[in-house]
Every structure is written in structure tokens, then in C-alpha cells.
Amino acid sequence: MDEFIQGFWNFAGNYWWLIFPIMGMAGGAAKAWEQGSKRRHERRLETLRMKAQLKTAEIEARALTQQAKRRGPSVVDTTASVVPNDLVARLFAEHDEITARWLDYELDVAKLIAFPAMSDGRQPLTAAFLRAKKTADALRPASAEAKVSEQQITEYLQAVGDYAVAFEIAEKDARRLRDSTFTAPERKRLERAQQLLKVAVDESATQAERNVAYKRVREELDGLILLSDDAVTVLEKQVAKEISAPETATPEPERMPLPLRDEKPRDASTSAGPARIPPLPGDDDGGMPR
């Protein structure tokens, strides 16, 4: 035992400097664990917050249903309109706003490259959002003036609430992930695609330069991000946009000199020179006044 202790102290005396890198490694590991724990805690809080929003939407739906029952008959008539039009209009506005925010990612290739998870149905949160969208679209009344029952509006209200929450969660996750799900070579391709996209939509570039950049953007994204047909159409319109040419002044038409009064036409064979004004009556010296 004494020999072991003596050997330990001999080792420590010779290699005391190793304590500094060991302490650095231990500090880095502790910091990484702390950051991971913080991220897990934030995700749990975010989940609880989203669940609370869903619960609020459910309570609101039940309150609206009870209020409508107090105003109407005790038996629900599924063909009669028992919901105010302004409530349906507000739900339409909320529904359209969420869809517009989603299309901002779906049709903007620059955003798709920056946040690819928003178009990747393999991501669980994105898939949940797409399912919520499909449900909300299916339950949407034909118009704000359409006859809808209490049950129909309650289901649609719940669907819009789920749609909004699912989008918020998917968007936050996509902004957190960015391109972290891709390999290093794939991230390089995404970076090149971003730079080429700037040239493809740059109006100061020539049409040939924009066409070449657009072609290379499609090549870089092939196999990484699937562009929808609508996104391709929007991008092609941006690439094919005509370069505005500087306005030039319209040249004025050449004015033909009119002959003076009592002036006889000159012979074409005579040499060019200033025309003499013919003498007027009462003047001498070739028309020069006295």
C-alpha cells in the first residue's frame, strides 16, 4: 500500500501539468451537460405551453357551444344556421393567416433552403402540422354565410386551434434544426444553392447569368429538398423577369427649313452658303436698312 501511494505521488510530481487539460475537459463536459439539460427543460416548457393553448381552445369551443344552446332550441338542428356569421368570418381569417404563413415557407425557395424541415414530411412535427392542415381544410365551411350547426362550428373551431398550434410547434422546431439533419457535404451544397439563388433572382445580372444560376440551384437541391410545382413556378417567374432598360429620350423629328417670304428656290448646283434676304421696298444695299 505504501509503495502504491509513493508511486502515485512520484507520478503526480512528474506529470503535475496534466491537471490543466483534465480540468478543461471536465469543465467542457459539465458545460455541455448543463446546456443539454437547459434545452430539454425549454422543450418541456414549450410542450406544456402548447398543451395549455390547446386546452384553452377546447374550453372556448365548449363555451361557444353552450352559449349557442342557450340562444337556440334544446335539440340541435344540423341544417339550421345557429352560429353568427362574424364568428365564422373570424375563424376564416385565422385559418387563412396560418395558411399564408405556411405558404411563405412553401413558395419561397430561399426560406426552404434556410429551414428545410418545414417542407420535410418525414419530420414528425411537420407531419403533424400537415395532418392538422388537412383536417382544418376539410372542416372549413363553404363560406361565412353558409348554414352551419353548433357541432360543425365546434369541430371547425377545434381544428383551427389545432392547426395554429401545430404550425407554431413545427416552425419553432424547423428554426431550431435548420440544416443540422444534413451531412457536412450536404450542408455545403445548401450553402452553394443559397449563393446561386441570389444571382438567379438578381435583376442587375444578365439573363444568361440568371439562367445558369437557376439551373445550378436545381442541381444543388436535387436529392436534398423537394421543391413543389408552385415553388418552381414562382422561382422561374423571378428568374425570367425582364431587366428594366434605362429610359432614353425620344429624338425629335428633323425640322425642314421653310422658305422665306418672296424667296425663290436656289439652284441645286449653287454652292451652299447663307441665303441673302431680298431687298424690301424702300431699302438699298441688298436689303440692309439705312
# chains A, B, ... in the order shown; residues from 1 in each chain; ligands from 1
call {"tool": "residues_around", "arguments": {"residues": "Thr126 in chain A", "least_positions_apart": "3", "cutoff": "12 Å", "atoms": "only C-alpha atoms", "output": "ChimeraX atom specification"}}
result
/A:102,115-123,129-133,163,165-175
call {"tool": "write_last_selection", "arguments": {"atoms": "N, CA and C atoms", "output": "PDB file, in the first residue's frame"}}
result
ATOM      1  N   TRP A 102     -47.618  29.480 -43.762  1.00  0.00           N
ATOM      2  CA  TRP A 102     -47.031  28.233 -44.251  1.00  0.00           C
ATOM      3  C   TRP A 102     -46.586  28.373 -45.715  1.00  0.00           C
ATOM      4  N   PHE A 115     -34.670  26.745 -43.893  1.00  0.00           N
ATOM      5  CA  PHE A 115     -35.414  25.932 -42.920  1.00  0.00           C
ATOM      6  C   PHE A 115     -36.029  24.730 -43.643  1.00  0.00           C
ATOM      7  N   PRO A 116     -35.219  23.770 -44.035  1.00  0.00           N
ATOM      8  CA  PRO A 116     -35.726  22.659 -44.855  1.00  0.00           C
ATOM      9  C   PRO A 116     -36.732  21.766 -44.143  1.00  0.00           C
ATOM     10  N   ALA A 117     -36.742  21.763 -42.822  1.00  0.00           N
ATOM     11  CA  ALA A 117     -37.669  20.885 -42.102  1.00  0.00           C
ATOM     12  C   ALA A 117     -39.125  21.266 -42.347  1.00  0.00           C
ATOM     13  N   MET A 118     -39.400  22.526 -42.734  1.00  0.00           N
ATOM     14  CA  MET A 118     -40.778  22.956 -42.951  1.00  0.00           C
ATOM     15  C   MET A 118     -41.410  22.292 -44.169  1.00  0.00           C
ATOM     16  N   SER A 119     -40.614  21.738 -45.057  1.00  0.00           N
ATOM     17  CA  SER A 119     -41.144  21.051 -46.235  1.00  0.00           C
ATOM     18  C   SER A 119     -40.866  19.556 -46.209  1.00  0.00           C
ATOM     19  N   ASP A 120     -40.335  19.075 -45.094  1.00  0.00           N
ATOM     20  CA  ASP A 120     -39.964  17.660 -44.981  1.00  0.00           C
ATOM     21  C   ASP A 120     -41.032  16.927 -44.181  1.00  0.00           C
ATOM     22  N   GLY A 121     -41.880  16.190 -44.880  1.00  0.00           N
ATOM     23  CA  GLY A 121     -42.938  15.442 -44.215  1.00  0.00           C
ATOM     24  C   GLY A 121     -42.432  14.295 -43.366  1.00  0.00           C
ATOM     25  N   ARG A 122     -41.139  13.970 -43.450  1.00  0.00           N
ATOM     26  CA  ARG A 122     -40.575  12.911 -42.611  1.00  0.00           C
ATOM     27  C   ARG A 122     -40.334  13.389 -41.185  1.00  0.00           C
ATOM     28  N   GLN A 123     -40.282  14.715 -40.997  1.00  0.00           N
ATOM     29  CA  GLN A 123     -40.133  15.249 -39.648  1.00  0.00           C
ATOM     30  C   GLN A 123     -41.455  15.086 -38.901  1.00  0.00           C
ATOM     31  N   PHE A 129     -48.288  18.822 -38.366  1.00  0.00           N
ATOM     32  CA  PHE A 129     -48.868  20.069 -38.880  1.00  0.00           C
ATOM     33  C   PHE A 129     -49.642  19.826 -40.171  1.00  0.00           C
ATOM     34  N   LEU A 130     -49.084  19.032 -41.068  1.00  0.00           N
ATOM     35  CA  LEU A 130     -49.763  18.759 -42.333  1.00  0.00           C
ATOM     36  C   LEU A 130     -51.075  18.010 -42.107  1.00  0.00           C
ATOM     37  N   ARG A 131     -51.090  17.118 -41.125  1.00  0.00           N
ATOM     38  CA  ARG A 131     -52.351  16.431 -40.797  1.00  0.00           C
ATOM     39  C   ARG A 131     -53.379  17.415 -40.237  1.00  0.00           C
ATOM     40  N   ALA A 132     -52.923  18.335 -39.377  1.00  0.00           N
ATOM     41  CA  ALA A 132     -53.839  19.340 -38.827  1.00  0.00           C
ATOM     42  C   ALA A 132     -54.372  20.251 -39.919  1.00  0.00           C
ATOM     43  N   LYS A 133     -53.532  20.574 -40.885  1.00  0.00           N
ATOM     44  CA  LYS A 133     -53.976  21.408 -42.009  1.00  0.00           C
ATOM     45  C   LYS A 133     -55.049  20.693 -42.828  1.00  0.00           C
ATOM     46  N   TYR A 163     -54.620  23.448 -35.778  1.00  0.00           N
ATOM     47  CA  TYR A 163     -53.829  23.877 -36.942  1.00  0.00           C
ATOM     48  C   TYR A 163     -52.828  24.958 -36.540  1.00  0.00           C
ATOM     49  N   VAL A 165     -51.668  25.692 -33.461  1.00  0.00           N
ATOM     50  CA  VAL A 165     -50.660  25.181 -32.521  1.00  0.00           C
ATOM     51  C   VAL A 165     -49.646  24.294 -33.251  1.00  0.00           C
ATOM     52  N   ALA A 166     -50.130  23.445 -34.139  1.00  0.00           N
ATOM     53  CA  ALA A 166     -49.224  22.555 -34.873  1.00  0.00           C
ATOM     54  C   ALA A 166     -48.246  23.349 -35.719  1.00  0.00           C
ATOM     55  N   PHE A 167     -48.716  24.443 -36.324  1.00  0.00           N
ATOM     56  CA  PHE A 167     -47.799  25.268 -37.128  1.00  0.00           C
ATOM     57  C   PHE A 167     -46.742  25.924 -36.243  1.00  0.00           C
ATOM     58  N   GLU A 168     -47.160  26.475 -35.118  1.00  0.00           N
ATOM     59  CA  GLU A 168     -46.197  27.128 -34.222  1.00  0.00           C
ATOM     60  C   GLU A 168     -45.117  26.142 -33.786  1.00  0.00           C
ATOM     61  N   ILE A 169     -45.523  24.928 -33.427  1.00  0.00           N
ATOM     62  CA  ILE A 169     -44.550  23.932 -32.970  1.00  0.00           C
ATOM     63  C   ILE A 169     -43.622  23.525 -34.107  1.00  0.00           C
ATOM     64  N   ALA A 170     -44.178  23.273 -35.305  1.00  0.00           N
ATOM     65  CA  ALA A 170     -43.353  22.866 -36.441  1.00  0.00           C
ATOM     66  C   ALA A 170     -42.390  23.967 -36.844  1.00  0.00           C
ATOM     67  N   GLU A 171     -42.849  25.218 -36.816  1.00  0.00           N
ATOM     68  CA  GLU A 171     -41.981  26.334 -37.195  1.00  0.00           C
ATOM     69  C   GLU A 171     -40.825  26.492 -36.216  1.00  0.00           C
ATOM     70  N   LYS A 172     -41.116  26.419 -34.924  1.00  0.00           N
ATOM     71  CA  LYS A 172     -40.059  26.547 -33.921  1.00  0.00           C
ATOM     72  C   LYS A 172     -39.028  25.420 -34.069  1.00  0.00           C
ATOM     73  N   ASP A 173     -39.509  24.217 -34.335  1.00  0.00           N
ATOM     74  CA  ASP A 173     -38.593  23.091 -34.483  1.00  0.00           C
ATOM     75  C   ASP A 173     -37.751  23.235 -35.747  1.00  0.00           C
ATOM     76  N   ALA A 174     -38.353  23.714 -36.838  1.00  0.00           N
ATOM     77  CA  ALA A 174     -37.601  23.905 -38.087  1.00  0.00           C
ATOM     78  C   ALA A 174     -36.529  24.978 -37.926  1.00  0.00           C
ATOM     79  N   ARG A 175     -36.856  26.041 -37.212  1.00  0.00           N
ATOM     80  CA  ARG A 175     -35.862  27.092 -36.984  1.00  0.00           C
ATOM     81  C   ARG A 175     -34.760  26.619 -36.036  1.00  0.00           C
TER      82      ARG A 175
END
call {"tool": "residues_around", "arguments": {"residues": "Leu196 in chain A", "least_positions_apart": "2", "cutoff": "12 Å", "atoms": "only C-alpha atoms", "output": "PyMOL selection string"}}
result
chain A and resi 109-110+113+189-194+198-202+205+209-221+239
call {"tool": "write_last_selection", "arguments": {"atoms": "N, CA, C and O atoms", "output": "short mmCIF file (atom, residue, chain, number, x, y, z; two decimals), in the first residue's frame"}}
result
data_model
loop_
_atom_site.label_atom_id
_atom_site.label_comp_id
_atom_site.auth_asym_id
_atom_site.auth_seq_id
_atom_site.Cartn_x
_atom_site.Cartn_y
_atom_site.Cartn_z
N VAL A 109 -38.13 29.75 -52.07
CA VAL A 109 -37.05 28.77 -52.11
C VAL A 109 -35.93 29.15 -51.13
O VAL A 109 -35.30 28.28 -50.52
N ALA A 110 -35.70 30.44 -50.95
CA ALA A 110 -34.67 30.86 -50.00
C ALA A 110 -35.01 30.40 -48.58
O ALA A 110 -34.13 29.94 -47.84
N ILE A 113 -34.53 26.61 -48.24
CA ILE A 113 -33.13 26.23 -48.05
C ILE A 113 -32.68 26.52 -46.62
O ILE A 113 -31.95 25.73 -46.01
N ARG A 189 -23.61 21.90 -50.08
CA ARG A 189 -24.47 22.05 -51.26
C ARG A 189 -25.58 23.06 -51.00
O ARG A 189 -25.93 23.87 -51.88
N LEU A 190 -26.14 23.05 -49.80
CA LEU A 190 -27.17 24.03 -49.45
C LEU A 190 -26.61 25.45 -49.44
O LEU A 190 -27.28 26.40 -49.89
N GLU A 191 -25.38 25.61 -48.96
CA GLU A 191 -24.76 26.93 -48.96
C GLU A 191 -24.53 27.42 -50.39
O GLU A 191 -24.78 28.60 -50.70
N ARG A 192 -24.06 26.53 -51.26
CA ARG A 192 -23.87 26.92 -52.66
C ARG A 192 -25.20 27.29 -53.31
O ARG A 192 -25.29 28.25 -54.09
N ALA A 193 -26.24 26.53 -52.99
CA ALA A 193 -27.56 26.82 -53.55
C ALA A 193 -28.04 28.19 -53.10
O ALA A 193 -28.66 28.94 -53.88
N GLN A 194 -27.78 28.56 -51.85
CA GLN A 194 -28.19 29.88 -51.36
C GLN A 194 -27.46 30.99 -52.12
O GLN A 194 -28.08 32.00 -52.50
N LYS A 198 -29.20 33.83 -55.04
CA LYS A 198 -29.10 35.29 -55.05
C LYS A 198 -28.80 35.81 -56.45
O LYS A 198 -29.33 36.86 -56.86
N VAL A 199 -27.97 35.10 -57.20
CA VAL A 199 -27.66 35.51 -58.57
C VAL A 199 -28.86 35.26 -59.48
O VAL A 199 -29.16 36.07 -60.36
N ALA A 200 -29.57 34.16 -59.25
CA ALA A 200 -30.69 33.80 -60.13
C ALA A 200 -31.81 34.82 -60.08
O ALA A 200 -32.54 34.99 -61.07
N VAL A 201 -31.99 35.50 -58.96
CA VAL A 201 -33.08 36.48 -58.84
C VAL A 201 -32.57 37.92 -58.82
O VAL A 201 -33.34 38.84 -58.55
N ASP A 202 -31.30 38.10 -59.13
CA ASP A 202 -30.71 39.43 -59.13
C ASP A 202 -31.03 40.13 -60.45
O ASP A 202 -30.58 39.70 -61.52
N ALA A 205 -28.15 41.25 -62.79
CA ALA A 205 -27.40 40.25 -63.56
C ALA A 205 -28.03 40.10 -64.93
O ALA A 205 -29.19 40.41 -65.15
N GLU A 209 -26.74 34.91 -67.10
CA GLU A 209 -26.20 34.59 -65.77
C GLU A 209 -27.30 34.05 -64.86
O GLU A 209 -27.08 33.09 -64.11
N ARG A 210 -28.47 34.63 -64.93
CA ARG A 210 -29.57 34.16 -64.08
C ARG A 210 -30.01 32.76 -64.48
O ARG A 210 -30.33 31.93 -63.63
N ASN A 211 -30.05 32.48 -65.77
CA ASN A 211 -30.45 31.15 -66.22
C ASN A 211 -29.47 30.08 -65.75
O ASN A 211 -29.88 29.00 -65.30
N VAL A 212 -28.18 30.38 -65.86
CA VAL A 212 -27.16 29.41 -65.43
C VAL A 212 -27.25 29.20 -63.91
O VAL A 212 -27.17 28.07 -63.42
N ALA A 213 -27.42 30.30 -63.16
CA ALA A 213 -27.52 30.18 -61.70
C ALA A 213 -28.76 29.38 -61.30
O ALA A 213 -28.70 28.55 -60.39
N TYR A 214 -29.88 29.60 -61.99
CA TYR A 214 -31.11 28.86 -61.69
C TYR A 214 -30.90 27.36 -61.93
O TYR A 214 -31.32 26.53 -61.12
N LYS A 215 -30.26 27.02 -63.03
CA LYS A 215 -30.01 25.62 -63.35
C LYS A 215 -29.14 24.97 -62.27
O LYS A 215 -29.40 23.83 -61.84
N ARG A 216 -28.13 25.68 -61.82
CA ARG A 216 -27.25 25.12 -60.79
C ARG A 216 -27.94 25.01 -59.44
O ARG A 216 -27.65 24.11 -58.65
N VAL A 217 -28.86 25.94 -59.15
CA VAL A 217 -29.64 25.83 -57.91
C VAL A 217 -30.43 24.53 -57.90
O VAL A 217 -30.45 23.79 -56.90
N ARG A 218 -31.08 24.22 -59.01
CA ARG A 218 -31.85 22.99 -59.10
C ARG A 218 -30.95 21.77 -58.94
O ARG A 218 -31.33 20.78 -58.31
N GLU A 219 -29.76 21.84 -59.50
CA GLU A 219 -28.83 20.71 -59.39
C GLU A 219 -28.35 20.52 -57.94
O GLU A 219 -28.25 19.38 -57.47
N GLU A 220 -28.06 21.62 -57.25
CA GLU A 220 -27.59 21.52 -55.87
C GLU A 220 -28.68 20.99 -54.93
O GLU A 220 -28.39 20.26 -53.98
N LEU A 221 -29.92 21.34 -55.20
CA LEU A 221 -31.02 20.92 -54.33
C LEU A 221 -31.54 19.53 -54.66
O LEU A 221 -32.32 18.97 -53.87
N VAL A 239 -36.78 34.43 -62.07
CA VAL A 239 -35.58 34.34 -62.90
C VAL A 239 -35.82 34.96 -64.28
O VAL A 239 -34.95 35.63 -64.83
#
call {"tool": "atom_distance", "arguments": {"atom1": "CA of Arg176 in chain A", "atom2": "CA of Ala114 in chain A"}}
result
10.9 Å
call {"tool": "atom_distance", "arguments": {"atom1": "CA of Val234 in chain A", "atom2": "CA of Leu107 in chain A"}}
result
6.9 Å
call {"tool": "select_by_dssp", "arguments": {"residues": "range 93-211 of chain A", "states": "helix (DSSP H, G or I)", "output": "PyMOL selection string"}}
result
chain A and resi 93-106+109-114+116-119+124-139+150-177+184-200+207-211
call {"tool": "atom_distance", "arguments": {"atom1": "CA of Ala136 in chain A", "atom2": "CA of Val160 in chain A"}}
result
5.7 Å
call {"tool": "residues_around", "arguments": {"residues": "Ala159 in chain A", "least_positions_apart": "5", "cutoff": "12 Å", "atoms": "only C-alpha atoms", "output": "ChimeraX atom specification"}}
result
/A:54,57-58,61,91-92,94-95,129,131-140,152-154,164-166
call {"tool": "closest_residue", "arguments": {"among": "A:Arg101, A:Arg90, A:Lys111, A:Lys188", "to": "Ala144 in chain A", "atoms": "only C-alpha atoms"}}
result
A:Arg90
